[in-house]
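Novice: Once you've had a glance at the structure underneath, I'll fire off some questions.
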Amino acid sequence: MTDSDFREAYRQHKDVLYRFAWRMTGSATVAEDLVHDCFLMLWRSTVAFDRDRGTLRSFLLGVMRNLALRHLRASHPNDPLEEECSICDPLDLETGERAAMVAKAVAALPPLQRESLILAEYEELSLDEIARVTGAELAAVKSRLHRARENLRRLLLPLLEPKGKAYGTQ
Amino acid sequence: MEPNDDPKLRELLREWQLPGAPPSLDRRVLGESQPWWRNLITGSIRVPVPAVIAAFLVMLALAVSLTGRHPAPVATTVSLKEFQPVENLNVRIIRTTLEARP
């Protein structure tokens, strides 16, 4: 990879990777570090991009996904990444701005559900692309997305339903 | 549209928007340098928490030792080597006027 190729890749994909990392880890500082590491790996050819296996964007998101999961494993070693806790514990969403409540609810998802949801809803990747980025089967991606949305509907119910309906008052 | 798609949920999720990558990341990744004096204003360093605690304790100990320390009296030695007794002792007593009054 030449210097100009690298700069162009960075310019095109830095924002997507940064936002993905931020949403996955919940920290802007950690996101900055992870994007830095991601491009450092690309520059040093620690990871090799193969055009035949997808776009550079999908490839970099895959690298970022691995870095984010590694960070989450290190910072929360006892939290499972997925499946057993497919139903999230309820959150206190009584106070705060709506965006902050959404952030809180997304952060409450298990990491594998969270990554599928972020890639689908915020980065607008297709199911096939998500499967490629996460290295999962298409059926697994569908299942994770389904569970993630179910969890979010439950967690964000007070914001999704009219107040009278949600709380049983007219 | 996916079968599990929910426009209401999607609309709500979109309320959580984040900014793009900060300029500091450009400098880190692309190595774009800035004037040295600018680093003094905008630069930051990461210090491990144990190092901060250790530095704080050292400074606290220094402060305590500096504020609690009184200057030691200067030890002076008096030498009587060149002492010479007075040869003509002429004592004159001066009294105040009150003392002189009977």
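Letters A, B, ... mark the chains of the structure tokens in the order given; residue numbers begin at 1 per chain; ligand numbers begin at 1, in order shown.
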Near chain B, meaning an atom within 8 Å, which residues of chain A appear when counting only C-alpha atoms? Write them as a list in words.
Specialist: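 Here is what falls inside 8 Å: Arg7, Lys14, Asp15, Val16, Tyr18, Arg19, Glu32, His36, Phe39, Leu40, Arg98, Ala99, Ala100, Val102, Ala103, Glu121, Tyr122, His146, Arg149, Leu152, Arg153, Leu159 and Leu160 of chain A.
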Novice: Those residues with N, CA and C atoms, as an mmCIF file, in the first residue's frame please?
Specialist:
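The resulting file, again-v5.cif, is shown below:
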```cif
data_model
loop_
_atom_site.group_PDB
_atom_site.id
_atom_site.type_symbol
_atom_site.label_atom_id
_atom_site.label_comp_id
_atom_site.auth_asym_id
_atom_site.auth_seq_id
_atom_site.Cartn_x
_atom_site.Cartn_y
_atom_site.Cartn_z
ATOM 1 N N ARG A 7 -3.456 7.256 2.793
ATOM 2 C CA ARG A 7 -4.106 8.515 3.167
ATOM 3 C C ARG A 7 -5.546 8.567 2.658
ATOM 4 N N LYS A 14 -12.247 6.828 8.100
ATOM 5 C CA LYS A 14 -11.960 7.139 9.508
ATOM 6 C C LYS A 14 -13.234 7.403 10.311
ATOM 7 N N ASP A 15 -14.179 8.146 9.725
ATOM 8 C CA ASP A 15 -15.378 8.519 10.486
ATOM 9 C C ASP A 15 -16.258 7.307 10.784
ATOM 10 N N VAL A 16 -16.420 6.444 9.787
ATOM 11 C CA VAL A 16 -17.231 5.229 9.986
ATOM 12 C C VAL A 16 -16.622 4.362 11.093
ATOM 13 N N TYR A 18 -14.519 5.279 13.441
ATOM 14 C CA TYR A 18 -14.528 5.976 14.720
ATOM 15 C C TYR A 18 -15.898 5.863 15.398
ATOM 16 N N ARG A 19 -16.946 6.104 14.626
ATOM 17 C CA ARG A 19 -18.299 6.022 15.206
ATOM 18 C C ARG A 19 -18.641 4.581 15.611
ATOM 19 N N GLU A 32 -10.832 6.448 19.585
ATOM 20 C CA GLU A 32 -9.690 7.078 18.902
ATOM 21 C C GLU A 32 -8.477 6.148 18.911
ATOM 22 N N HIS A 36 -6.779 4.364 15.570
ATOM 23 C CA HIS A 36 -5.332 4.513 15.382
ATOM 24 C C HIS A 36 -4.683 3.144 15.191
ATOM 25 N N PHE A 39 -5.560 1.522 11.732
ATOM 26 C CA PHE A 39 -4.812 2.029 10.571
ATOM 27 C C PHE A 39 -3.324 1.721 10.687
ATOM 28 N N LEU A 40 -2.848 1.619 11.909
ATOM 29 C CA LEU A 40 -1.449 1.220 12.093
ATOM 30 C C LEU A 40 -1.247 -0.207 11.579
ATOM 31 N N ARG A 98 -33.184 11.956 25.097
ATOM 32 C CA ARG A 98 -33.558 10.749 24.354
ATOM 33 C C ARG A 98 -32.325 10.083 23.734
ATOM 34 N N ALA A 99 -31.424 10.903 23.174
ATOM 35 C CA ALA A 99 -30.226 10.330 22.547
ATOM 36 C C ALA A 99 -29.377 9.581 23.577
ATOM 37 N N ALA A 100 -29.292 10.152 24.773
ATOM 38 C CA ALA A 100 -28.508 9.497 25.826
ATOM 39 C C ALA A 100 -29.168 8.192 26.249
ATOM 40 N N VAL A 102 -30.991 6.285 24.280
ATOM 41 C CA VAL A 102 -30.731 5.329 23.204
ATOM 42 C C VAL A 102 -29.313 4.761 23.356
ATOM 43 N N ALA A 103 -28.363 5.651 23.625
ATOM 44 C CA ALA A 103 -26.972 5.208 23.799
ATOM 45 C C ALA A 103 -26.866 4.201 24.940
ATOM 46 N N GLU A 121 -28.112 -0.575 11.556
ATOM 47 C CA GLU A 121 -28.908 0.636 11.735
ATOM 48 C C GLU A 121 -28.132 1.923 11.500
ATOM 49 N N TYR A 122 -26.873 1.930 11.909
ATOM 50 C CA TYR A 122 -26.124 3.189 11.801
ATOM 51 C C TYR A 122 -25.221 3.226 10.572
ATOM 52 N N HIS A 146 -32.409 -9.705 15.242
ATOM 53 C CA HIS A 146 -33.765 -9.857 15.763
ATOM 54 C C HIS A 146 -33.777 -9.672 17.274
ATOM 55 N N ARG A 149 -33.071 -6.037 18.322
ATOM 56 C CA ARG A 149 -34.226 -5.136 18.147
ATOM 57 C C ARG A 149 -35.305 -5.420 19.192
ATOM 58 N N LEU A 152 -34.145 -3.851 22.346
ATOM 59 C CA LEU A 152 -34.256 -2.386 22.312
ATOM 60 C C LEU A 152 -35.706 -1.933 22.404
ATOM 61 N N ARG A 153 -36.598 -2.665 21.756
ATOM 62 C CA ARG A 153 -38.017 -2.306 21.855
ATOM 63 C C ARG A 153 -38.473 -2.347 23.312
ATOM 64 N N LEU A 159 -40.103 5.338 25.344
ATOM 65 C CA LEU A 159 -39.883 6.347 24.298
ATOM 66 C C LEU A 159 -40.611 5.992 23.007
ATOM 67 N N LEU A 160 -40.911 4.716 22.832
ATOM 68 C CA LEU A 160 -41.538 4.284 21.582
ATOM 69 C C LEU A 160 -43.056 4.433 21.618
#
```
Novice: Could you pull out the helix (DSSP H, G or I) residues of chain A from DSSP and send them as a PDB file with C-alpha atoms, in the first residue's frame?
Specialist:
```pdb
ATOM      1  CA  ASP A   3       1.397   6.418   1.124  1.00  0.00           C
ATOM      2  CA  SER A   4      -1.291   8.095  -1.006  1.00  0.00           C
ATOM      3  CA  ASP A   5      -3.454   4.928  -0.952  1.00  0.00           C
ATOM      4  CA  PHE A   6      -3.173   4.860   2.798  1.00  0.00           C
ATOM      5  CA  ARG A   7      -4.106   8.515   3.167  1.00  0.00           C
ATOM      6  CA  GLU A   8      -7.080   8.074   0.876  1.00  0.00           C
ATOM      7  CA  ALA A   9      -8.254   5.006   2.798  1.00  0.00           C
ATOM      8  CA  TYR A  10      -7.915   6.895   6.054  1.00  0.00           C
ATOM      9  CA  ARG A  11      -9.800   9.919   4.733  1.00  0.00           C
ATOM     10  CA  GLN A  12     -12.660   7.772   3.426  1.00  0.00           C
ATOM     11  CA  HIS A  13     -13.174   5.410   6.345  1.00  0.00           C
ATOM     12  CA  LYS A  14     -11.960   7.139   9.508  1.00  0.00           C
ATOM     13  CA  ASP A  15     -15.378   8.519  10.486  1.00  0.00           C
ATOM     14  CA  VAL A  16     -17.231   5.229   9.986  1.00  0.00           C
ATOM     15  CA  LEU A  17     -14.635   3.329  12.010  1.00  0.00           C
ATOM     16  CA  TYR A  18     -14.528   5.976  14.720  1.00  0.00           C
ATOM     17  CA  ARG A  19     -18.299   6.022  15.206  1.00  0.00           C
ATOM     18  CA  PHE A  20     -18.499   2.224  15.113  1.00  0.00           C
ATOM     19  CA  ALA A  21     -15.766   1.932  17.736  1.00  0.00           C
ATOM     20  CA  TRP A  22     -17.380   4.617  19.893  1.00  0.00           C
ATOM     21  CA  ARG A  23     -20.778   2.899  19.779  1.00  0.00           C
ATOM     22  CA  MET A  24     -19.221  -0.483  20.518  1.00  0.00           C
ATOM     23  CA  THR A  25     -17.058   0.642  23.431  1.00  0.00           C
ATOM     24  CA  ALA A  28     -14.613   8.425  22.424  1.00  0.00           C
ATOM     25  CA  THR A  29     -11.090   8.077  23.804  1.00  0.00           C
ATOM     26  CA  VAL A  30     -11.030   4.321  23.355  1.00  0.00           C
ATOM     27  CA  ALA A  31     -12.526   4.739  19.872  1.00  0.00           C
ATOM     28  CA  GLU A  32      -9.690   7.078  18.902  1.00  0.00           C
ATOM     29  CA  ASP A  33      -7.111   4.591  20.137  1.00  0.00           C
ATOM     30  CA  LEU A  34      -8.764   1.711  18.303  1.00  0.00           C
ATOM     31  CA  VAL A  35      -8.979   3.601  14.990  1.00  0.00           C
ATOM     32  CA  HIS A  36      -5.332   4.513  15.382  1.00  0.00           C
ATOM     33  CA  ASP A  37      -4.444   0.860  15.984  1.00  0.00           C
ATOM     34  CA  CYS A  38      -6.591  -0.245  13.055  1.00  0.00           C
ATOM     35  CA  PHE A  39      -4.812   2.029  10.571  1.00  0.00           C
ATOM     36  CA  LEU A  40      -1.449   1.220  12.093  1.00  0.00           C
ATOM     37  CA  MET A  41      -2.131  -2.457  11.392  1.00  0.00           C
ATOM     38  CA  LEU A  42      -3.141  -1.618   7.841  1.00  0.00           C
ATOM     39  CA  TRP A  43       0.008   0.456   7.282  1.00  0.00           C
ATOM     40  CA  ARG A  51     -10.089  -7.087  -2.844  1.00  0.00           C
ATOM     41  CA  ASP A  52     -11.695 -10.358  -3.884  1.00  0.00           C
ATOM     42  CA  ARG A  53     -13.171 -10.846  -0.422  1.00  0.00           C
ATOM     43  CA  LEU A  56     -11.988  -2.033   2.037  1.00  0.00           C
ATOM     44  CA  ARG A  57     -14.740  -0.586   4.223  1.00  0.00           C
ATOM     45  CA  SER A  58     -16.007  -4.055   5.177  1.00  0.00           C
ATOM     46  CA  PHE A  59     -12.463  -5.220   5.741  1.00  0.00           C
ATOM     47  CA  LEU A  60     -11.600  -2.312   8.030  1.00  0.00           C
ATOM     48  CA  LEU A  61     -14.872  -2.692   9.920  1.00  0.00           C
ATOM     49  CA  GLY A  62     -13.942  -6.343  10.465  1.00  0.00           C
ATOM     50  CA  VAL A  63     -10.542  -5.357  11.856  1.00  0.00           C
ATOM     51  CA  MET A  64     -12.174  -2.712  14.041  1.00  0.00           C
ATOM     52  CA  ARG A  65     -14.749  -5.216  15.230  1.00  0.00           C
ATOM     53  CA  ASN A  66     -11.994  -7.564  16.406  1.00  0.00           C
ATOM     54  CA  LEU A  67     -10.162  -4.743  18.155  1.00  0.00           C
ATOM     55  CA  ALA A  68     -13.359  -3.590  19.867  1.00  0.00           C
ATOM     56  CA  LEU A  69     -14.244  -7.102  21.052  1.00  0.00           C
ATOM     57  CA  ARG A  70     -10.697  -7.588  22.321  1.00  0.00           C
ATOM     58  CA  HIS A  71     -11.021  -4.348  24.270  1.00  0.00           C
ATOM     59  CA  LEU A  72     -14.411  -5.397  25.691  1.00  0.00           C
ATOM     60  CA  ARG A  73     -13.037  -8.796  26.729  1.00  0.00           C
ATOM     61  CA  ALA A  74     -10.132  -7.108  28.491  1.00  0.00           C
ATOM     62  CA  SER A  75     -12.252  -4.479  30.232  1.00  0.00           C
ATOM     63  CA  GLU A  83     -26.197 -15.663  23.554  1.00  0.00           C
ATOM     64  CA  GLU A  84     -26.994 -16.619  27.120  1.00  0.00           C
ATOM     65  CA  CYS A  85     -28.156 -13.168  28.104  1.00  0.00           C
ATOM     66  CA  ARG A  98     -33.558  10.749  24.354  1.00  0.00           C
ATOM     67  CA  ALA A  99     -30.226  10.330  22.547  1.00  0.00           C
ATOM     68  CA  ALA A 100     -28.508   9.497  25.826  1.00  0.00           C
ATOM     69  CA  MET A 101     -31.211   6.955  26.604  1.00  0.00           C
ATOM     70  CA  VAL A 102     -30.731   5.329  23.204  1.00  0.00           C
ATOM     71  CA  ALA A 103     -26.972   5.208  23.799  1.00  0.00           C
ATOM     72  CA  LYS A 104     -27.561   3.614  27.185  1.00  0.00           C
ATOM     73  CA  ALA A 105     -29.894   1.006  25.719  1.00  0.00           C
ATOM     74  CA  VAL A 106     -27.515   0.112  22.870  1.00  0.00           C
ATOM     75  CA  ALA A 107     -24.658  -0.171  25.361  1.00  0.00           C
ATOM     76  CA  ALA A 108     -26.765  -2.588  27.406  1.00  0.00           C
ATOM     77  CA  PRO A 111     -21.581  -7.150  22.244  1.00  0.00           C
ATOM     78  CA  LEU A 112     -22.454  -9.499  19.382  1.00  0.00           C
ATOM     79  CA  GLN A 113     -26.004  -8.173  19.232  1.00  0.00           C
ATOM     80  CA  ARG A 114     -24.690  -4.640  19.546  1.00  0.00           C
ATOM     81  CA  GLU A 115     -22.260  -4.920  16.651  1.00  0.00           C
ATOM     82  CA  SER A 116     -24.917  -6.356  14.323  1.00  0.00           C
ATOM     83  CA  LEU A 117     -27.357  -3.636  15.274  1.00  0.00           C
ATOM     84  CA  ILE A 118     -24.822  -0.806  14.856  1.00  0.00           C
ATOM     85  CA  LEU A 119     -23.699  -2.094  11.479  1.00  0.00           C
ATOM     86  CA  ALA A 120     -27.289  -2.468  10.291  1.00  0.00           C
ATOM     87  CA  GLU A 121     -28.908   0.636  11.735  1.00  0.00           C
ATOM     88  CA  TYR A 122     -26.124   3.189  11.801  1.00  0.00           C
ATOM     89  CA  LEU A 127     -27.036  -8.633   6.132  1.00  0.00           C
ATOM     90  CA  ASP A 128     -24.443 -10.199   3.809  1.00  0.00           C
ATOM     91  CA  GLU A 129     -21.963  -7.437   4.580  1.00  0.00           C
ATOM     92  CA  ILE A 130     -22.557  -7.780   8.312  1.00  0.00           C
ATOM     93  CA  ALA A 131     -21.967 -11.520   8.026  1.00  0.00           C
ATOM     94  CA  ARG A 132     -18.697 -10.839   6.193  1.00  0.00           C
ATOM     95  CA  VAL A 133     -17.545  -8.214   8.698  1.00  0.00           C
ATOM     96  CA  THR A 134     -18.369 -10.310  11.746  1.00  0.00           C
ATOM     97  CA  LEU A 138     -26.125 -15.184   7.771  1.00  0.00           C
ATOM     98  CA  ALA A 139     -28.625 -16.975  10.008  1.00  0.00           C
ATOM     99  CA  ALA A 140     -26.648 -15.982  13.089  1.00  0.00           C
ATOM    100  CA  VAL A 141     -26.613 -12.352  11.984  1.00  0.00           C
ATOM    101  CA  LYS A 142     -30.370 -12.390  11.438  1.00  0.00           C
ATOM    102  CA  SER A 143     -30.908 -13.971  14.817  1.00  0.00           C
ATOM    103  CA  ARG A 144     -28.673 -11.436  16.584  1.00  0.00           C
ATOM    104  CA  LEU A 145     -30.353  -8.523  14.855  1.00  0.00           C
ATOM    105  CA  HIS A 146     -33.765  -9.857  15.763  1.00  0.00           C
ATOM    106  CA  ARG A 147     -32.819 -10.250  19.403  1.00  0.00           C
ATOM    107  CA  ALA A 148     -31.121  -6.862  19.479  1.00  0.00           C
ATOM    108  CA  ARG A 149     -34.226  -5.136  18.147  1.00  0.00           C
ATOM    109  CA  GLU A 150     -36.480  -7.034  20.540  1.00  0.00           C
ATOM    110  CA  ASN A 151     -34.282  -5.997  23.435  1.00  0.00           C
ATOM    111  CA  LEU A 152     -34.256  -2.386  22.312  1.00  0.00           C
ATOM    112  CA  ARG A 153     -38.017  -2.306  21.855  1.00  0.00           C
ATOM    113  CA  ARG A 154     -38.374  -3.506  25.412  1.00  0.00           C
ATOM    114  CA  LEU A 155     -35.693  -1.213  26.841  1.00  0.00           C
ATOM    115  CA  LEU A 157     -40.627   1.156  25.361  1.00  0.00           C
ATOM    116  CA  PRO A 158     -41.277   4.413  27.258  1.00  0.00           C
ATOM    117  CA  LEU A 159     -39.883   6.347  24.298  1.00  0.00           C
ATOM    118  CA  LEU A 160     -41.538   4.284  21.582  1.00  0.00           C
ATOM    119  CA  LYS A 163     -46.916   7.941  27.404  1.00  0.00           C
ATOM    120  CA  GLY A 164     -50.593   7.279  28.223  1.00  0.00           C
ATOM    121  CA  LYS A 165     -50.527   3.951  26.469  1.00  0.00           C
ATOM    122  CA  ALA A 166     -47.234   2.811  27.940  1.00  0.00           C
ATOM    123  CA  TYR A 167     -48.130   3.635  31.496  1.00  0.00           C
TER     124      TYR A 167
END
```
Novice: Calculate how many Å separate CA of Val47 in chain B from CA of Met59 in chain B, rounding to one decimal.
Specialist: 16.2 Å
